[in-house]
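Chemist: I am attaching a structure below and will ask some questions about it afterwards.
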Amino acid sequence: MSILTPNPTGDLIWQTAWRSSVFRRKFTIGMVCVMALLLTFPYFFQTIEQHTGPVLNDWVLRRLGPNDVSLWIFLVIWATALLLLIRARFSPAIFMMFVYGYVIVSLSRMLSINLLPLNPPVGLIPLIDPLSNAFYGKTYITKDLFYSGHTSTIFLMFLCLRRWWDRLFALVGSVLVGGLLLVQHVHYTIDVLGAFIFTYPLYWLGKWLALSGWNNVEHPVDQNASPN
């Protein structure tokens, strides 16, 4: 039985996975990295807020009047996150792929934000997301731009999910969130497009790091699961 495949015996699957020393080591490393990132985020984001860069002449944003759609962005992202947690309850591999993918994507974003500092778009309306904003520090961050963290996170969830309908929901949610971020002028178009471009290969790297060394994890047998 593949541990990539969601099934009714979630406790047994996790117990079986935990017997593997490889799994225990990868799980511990992944969780330590996530905790380290979350502790680092407030300092990092407060630092990049002091950087300056150009204001891009964005053709798409010029044609979108800024509107506050924070609630919809929040609902779509965290509904998808809840779905991922439900599926991960029955699949350690889904959980591990997301953890490692999230760490790699976050590190990539920290690098790209430093290499390409930008000033925020004209007309930016602060995004109200009490869960995500808790890790940004005391000041609202406006220069967390290239590339979009909200878009990359939900797109990573899409890549990690296995069931066809789950993936469709997350994919539509990814496109919707990207578009709504532009409506709110939180990001430039290049930030949203960059999230899709960068997250896809980084997911595969995270998947390889998370799953290499396990037995029979690359071949889901559930007919509703995606082969990816």
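The way I read the labels, and the way they are meant: chains A, B, ... in the order of the structure tokens, residue 1 as the first residue of every chain, and ligand 1 as the first ligand shown, with later ones counted on from there.
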Can you tell me which residues surround Pro66 in chain A at a distance of at most 7 Å, considering only C-alpha atoms, apart from same-chain residues fewer than 4 positions away, and format the answer as a PyMOL selection string?

Modeler: chain A and resi 123+183-185

Chemist: Taking only C-alpha atoms into account, produce a table as a Markdown table in which each residue of range 4-85 of chain A with an atom at most 9 Å from an atom of range 141-159 of chain A appears once, together with its shortest atom pair and the distance in Å to one decimal, ordered by chain and rising number.

Modeler:
```
| residue | atom | partner | partner_atom | distance |
| --- | --- | --- | --- | --- |
| A:Phe45 | CA | A:Ile141 | CA | 6.8 |
| A:Gln46 | CA | A:Ile141 | CA | 7.2 |
| A:Ile48 | CA | A:Lys143 | CA | 6.7 |
| A:Glu49 | CA | A:Lys143 | CA | 5.6 |
| A:Gln50 | CA | A:Lys143 | CA | 8.7 |
| A:His51 | CA | A:Lys143 | CA | 8.0 |
| A:Thr52 | CA | A:Lys143 | CA | 8.5 |
| A:Ile73 | CA | A:His150 | CA | 8.7 |
| A:Val76 | CA | A:Ile154 | CA | 8.8 |
| A:Ile77 | CA | A:Ile154 | CA | 6.1 |
| A:Trp78 | CA | A:Ile154 | CA | 8.8 |
| A:Thr80 | CA | A:Ile154 | CA | 7.1 |
| A:Ala81 | CA | A:Met157 | CA | 7.3 |
| A:Leu84 | CA | A:Met157 | CA | 6.7 |
```

Chemist: Dump N, CA and C atoms for the selected residues as a PDB file, in the first residue's frame?

Modeler:
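Dumped to out-v2.pdb:
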```pdb
ATOM      1  N   PHE A  45      11.177  40.025   7.343  1.00  0.00           N
ATOM      2  CA  PHE A  45      10.231  40.913   6.681  1.00  0.00           C
ATOM      3  C   PHE A  45      10.360  42.351   7.172  1.00  0.00           C
ATOM      4  N   GLN A  46      10.653  42.535   8.449  1.00  0.00           N
ATOM      5  CA  GLN A  46      10.869  43.897   8.933  1.00  0.00           C
ATOM      6  C   GLN A  46      12.118  44.504   8.304  1.00  0.00           C
ATOM      7  N   ILE A  48      13.399  43.678   5.171  1.00  0.00           N
ATOM      8  CA  ILE A  48      13.192  43.994   3.753  1.00  0.00           C
ATOM      9  C   ILE A  48      12.260  45.192   3.585  1.00  0.00           C
ATOM     10  N   GLU A  49      11.485  45.503   4.607  1.00  0.00           N
ATOM     11  CA  GLU A  49      10.626  46.670   4.526  1.00  0.00           C
ATOM     12  C   GLU A  49      11.436  47.963   4.483  1.00  0.00           C
ATOM     13  N   GLN A  50      12.693  47.884   4.891  1.00  0.00           N
ATOM     14  CA  GLN A  50      13.574  49.057   4.844  1.00  0.00           C
ATOM     15  C   GLN A  50      14.233  49.223   3.472  1.00  0.00           C
ATOM     16  N   HIS A  51      14.135  48.200   2.623  1.00  0.00           N
ATOM     17  CA  HIS A  51      14.747  48.282   1.302  1.00  0.00           C
ATOM     18  C   HIS A  51      13.916  49.188   0.386  1.00  0.00           C
ATOM     19  N   THR A  52      14.563  49.692  -0.623  1.00  0.00           N
ATOM     20  CA  THR A  52      13.850  50.496  -1.621  1.00  0.00           C
ATOM     21  C   THR A  52      14.116  49.939  -3.011  1.00  0.00           C
ATOM     22  N   ILE A  73      -9.624  36.250  -0.330  1.00  0.00           N
ATOM     23  CA  ILE A  73      -8.277  35.666  -0.373  1.00  0.00           C
ATOM     24  C   ILE A  73      -8.057  34.772   0.836  1.00  0.00           C
ATOM     25  N   VAL A  76     -10.258  31.461   0.607  1.00  0.00           N
ATOM     26  CA  VAL A  76      -9.805  30.492  -0.392  1.00  0.00           C
ATOM     27  C   VAL A  76      -8.526  29.799   0.072  1.00  0.00           C
ATOM     28  N   ILE A  77      -7.562  30.575   0.570  1.00  0.00           N
ATOM     29  CA  ILE A  77      -6.288  29.990   0.988  1.00  0.00           C
ATOM     30  C   ILE A  77      -6.475  29.044   2.154  1.00  0.00           C
ATOM     31  N   TRP A  78      -7.209  29.481   3.161  1.00  0.00           N
ATOM     32  CA  TRP A  78      -7.295  28.649   4.362  1.00  0.00           C
ATOM     33  C   TRP A  78      -8.292  27.509   4.220  1.00  0.00           C
ATOM     34  N   THR A  80      -8.343  25.803   1.429  1.00  0.00           N
ATOM     35  CA  THR A  80      -7.443  24.851   0.767  1.00  0.00           C
ATOM     36  C   THR A  80      -6.465  24.248   1.765  1.00  0.00           C
ATOM     37  N   ALA A  81      -5.979  25.064   2.700  1.00  0.00           N
ATOM     38  CA  ALA A  81      -5.073  24.552   3.733  1.00  0.00           C
ATOM     39  C   ALA A  81      -5.775  23.520   4.606  1.00  0.00           C
ATOM     40  N   LEU A  84      -5.939  20.324   2.716  1.00  0.00           N
ATOM     41  CA  LEU A  84      -4.633  19.668   2.730  1.00  0.00           C
ATOM     42  C   LEU A  84      -4.398  18.947   4.052  1.00  0.00           C
TER      43      LEU A  84
END
```

Chemist: Skip Gly213 in chain A itself and residues of its chain fewer than 3 positions away, then list as a list in words all residues within 12 Å of it, counting only C-alpha atoms.

Modeler: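 With the cut-off at 12 Å, the set is Ala17, Ser20, Ser21, Val22, Phe23, Arg24, Arg25, Lys26, Lys207, Trp208, Leu209, Ala210, Asn216, Val217 and Glu218 of chain A.
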
Chemist: Can those selected residues be exported to a file as a PDB file, in the first residue's frame so that it contains N, CA and C atoms?

Modeler:
```
ATOM      1  N   ALA A  17       4.632   4.542   9.014  1.00  0.00           N
ATOM      2  CA  ALA A  17       5.671   5.466   8.548  1.00  0.00           C
ATOM      3  C   ALA A  17       6.647   5.795   9.665  1.00  0.00           C
ATOM      4  N   SER A  20       9.818   3.819  10.374  1.00  0.00           N
ATOM      5  CA  SER A  20      10.968   3.992   9.486  1.00  0.00           C
ATOM      6  C   SER A  20      11.901   5.067  10.051  1.00  0.00           C
ATOM      7  N   SER A  21      13.154   4.721  10.210  1.00  0.00           N
ATOM      8  CA  SER A  21      14.128   5.705  10.699  1.00  0.00           C
ATOM      9  C   SER A  21      14.316   6.834   9.692  1.00  0.00           C
ATOM     10  N   VAL A  22      14.160   6.507   8.397  1.00  0.00           N
ATOM     11  CA  VAL A  22      14.275   7.545   7.369  1.00  0.00           C
ATOM     12  C   VAL A  22      13.159   8.566   7.536  1.00  0.00           C
ATOM     13  N   PHE A  23      11.939   8.072   7.738  1.00  0.00           N
ATOM     14  CA  PHE A  23      10.808   8.976   7.928  1.00  0.00           C
ATOM     15  C   PHE A  23      11.000   9.833   9.172  1.00  0.00           C
ATOM     16  N   ARG A  24      11.392   9.219  10.274  1.00  0.00           N
ATOM     17  CA  ARG A  24      11.566   9.974  11.515  1.00  0.00           C
ATOM     18  C   ARG A  24      12.610  11.070  11.341  1.00  0.00           C
ATOM     19  N   ARG A  25      13.694  10.750  10.646  1.00  0.00           N
ATOM     20  CA  ARG A  25      14.741  11.748  10.436  1.00  0.00           C
ATOM     21  C   ARG A  25      14.247  12.885   9.544  1.00  0.00           C
ATOM     22  N   LYS A  26      13.574  12.523   8.448  1.00  0.00           N
ATOM     23  CA  LYS A  26      13.086  13.560   7.540  1.00  0.00           C
ATOM     24  C   LYS A  26      11.993  14.398   8.198  1.00  0.00           C
ATOM     25  N   LYS A 207       9.684  17.415  -3.121  1.00  0.00           N
ATOM     26  CA  LYS A 207       9.143  16.053  -3.135  1.00  0.00           C
ATOM     27  C   LYS A 207      10.267  15.022  -3.081  1.00  0.00           C
ATOM     28  N   TRP A 208      11.317  15.259  -3.858  1.00  0.00           N
ATOM     29  CA  TRP A 208      12.444  14.326  -3.862  1.00  0.00           C
ATOM     30  C   TRP A 208      13.110  14.274  -2.489  1.00  0.00           C
ATOM     31  N   LEU A 209      13.328  15.422  -1.886  1.00  0.00           N
ATOM     32  CA  LEU A 209      13.949  15.453  -0.563  1.00  0.00           C
ATOM     33  C   LEU A 209      13.061  14.794   0.489  1.00  0.00           C
ATOM     34  N   ALA A 210      11.754  14.997   0.367  1.00  0.00           N
ATOM     35  CA  ALA A 210      10.830  14.471   1.374  1.00  0.00           C
ATOM     36  C   ALA A 210      10.638  12.972   1.273  1.00  0.00           C
ATOM     37  N   ASN A 216       8.057   2.183  -1.816  1.00  0.00           N
ATOM     38  CA  ASN A 216       6.725   2.165  -2.423  1.00  0.00           C
ATOM     39  C   ASN A 216       5.927   3.429  -2.142  1.00  0.00           C
ATOM     40  N   VAL A 217       6.548   4.605  -2.294  1.00  0.00           N
ATOM     41  CA  VAL A 217       5.805   5.837  -2.068  1.00  0.00           C
ATOM     42  C   VAL A 217       5.562   6.602  -3.358  1.00  0.00           C
ATOM     43  N   GLU A 218       6.195   6.216  -4.442  1.00  0.00           N
ATOM     44  CA  GLU A 218       6.087   6.989  -5.668  1.00  0.00           C
ATOM     45  C   GLU A 218       4.942   6.526  -6.576  1.00  0.00           C
TER      46      GLU A 218
END
```

Chemist: Just the residues within 10 Å of Cys160 in chain A, please, counting only C-alpha atoms, with nothing from its chain fewer than 4 positions along; format it as a PyMOL selection string.

Modeler: chain A and resi 4+84+87-88+93-99+101+154-156+166-167+170+203-204+207+226+228

Chemist: Quick one, how far is CA of Ile113 in chain A from CA of Gly194 in chain A?

Modeler: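 Spanning CA of Ile113 in chain A to CA of Gly194 in chain A is a straight-line distance of 11.7 Å.
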
Chemist: Would you work out the distance separating CA of Leu161 in chain A from CA of Val32 in chain A, expressed in Å to one decimal?

Modeler: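 Separation of CA of Leu161 in chain A and CA of Val32 in chain A: 22.8 Å.
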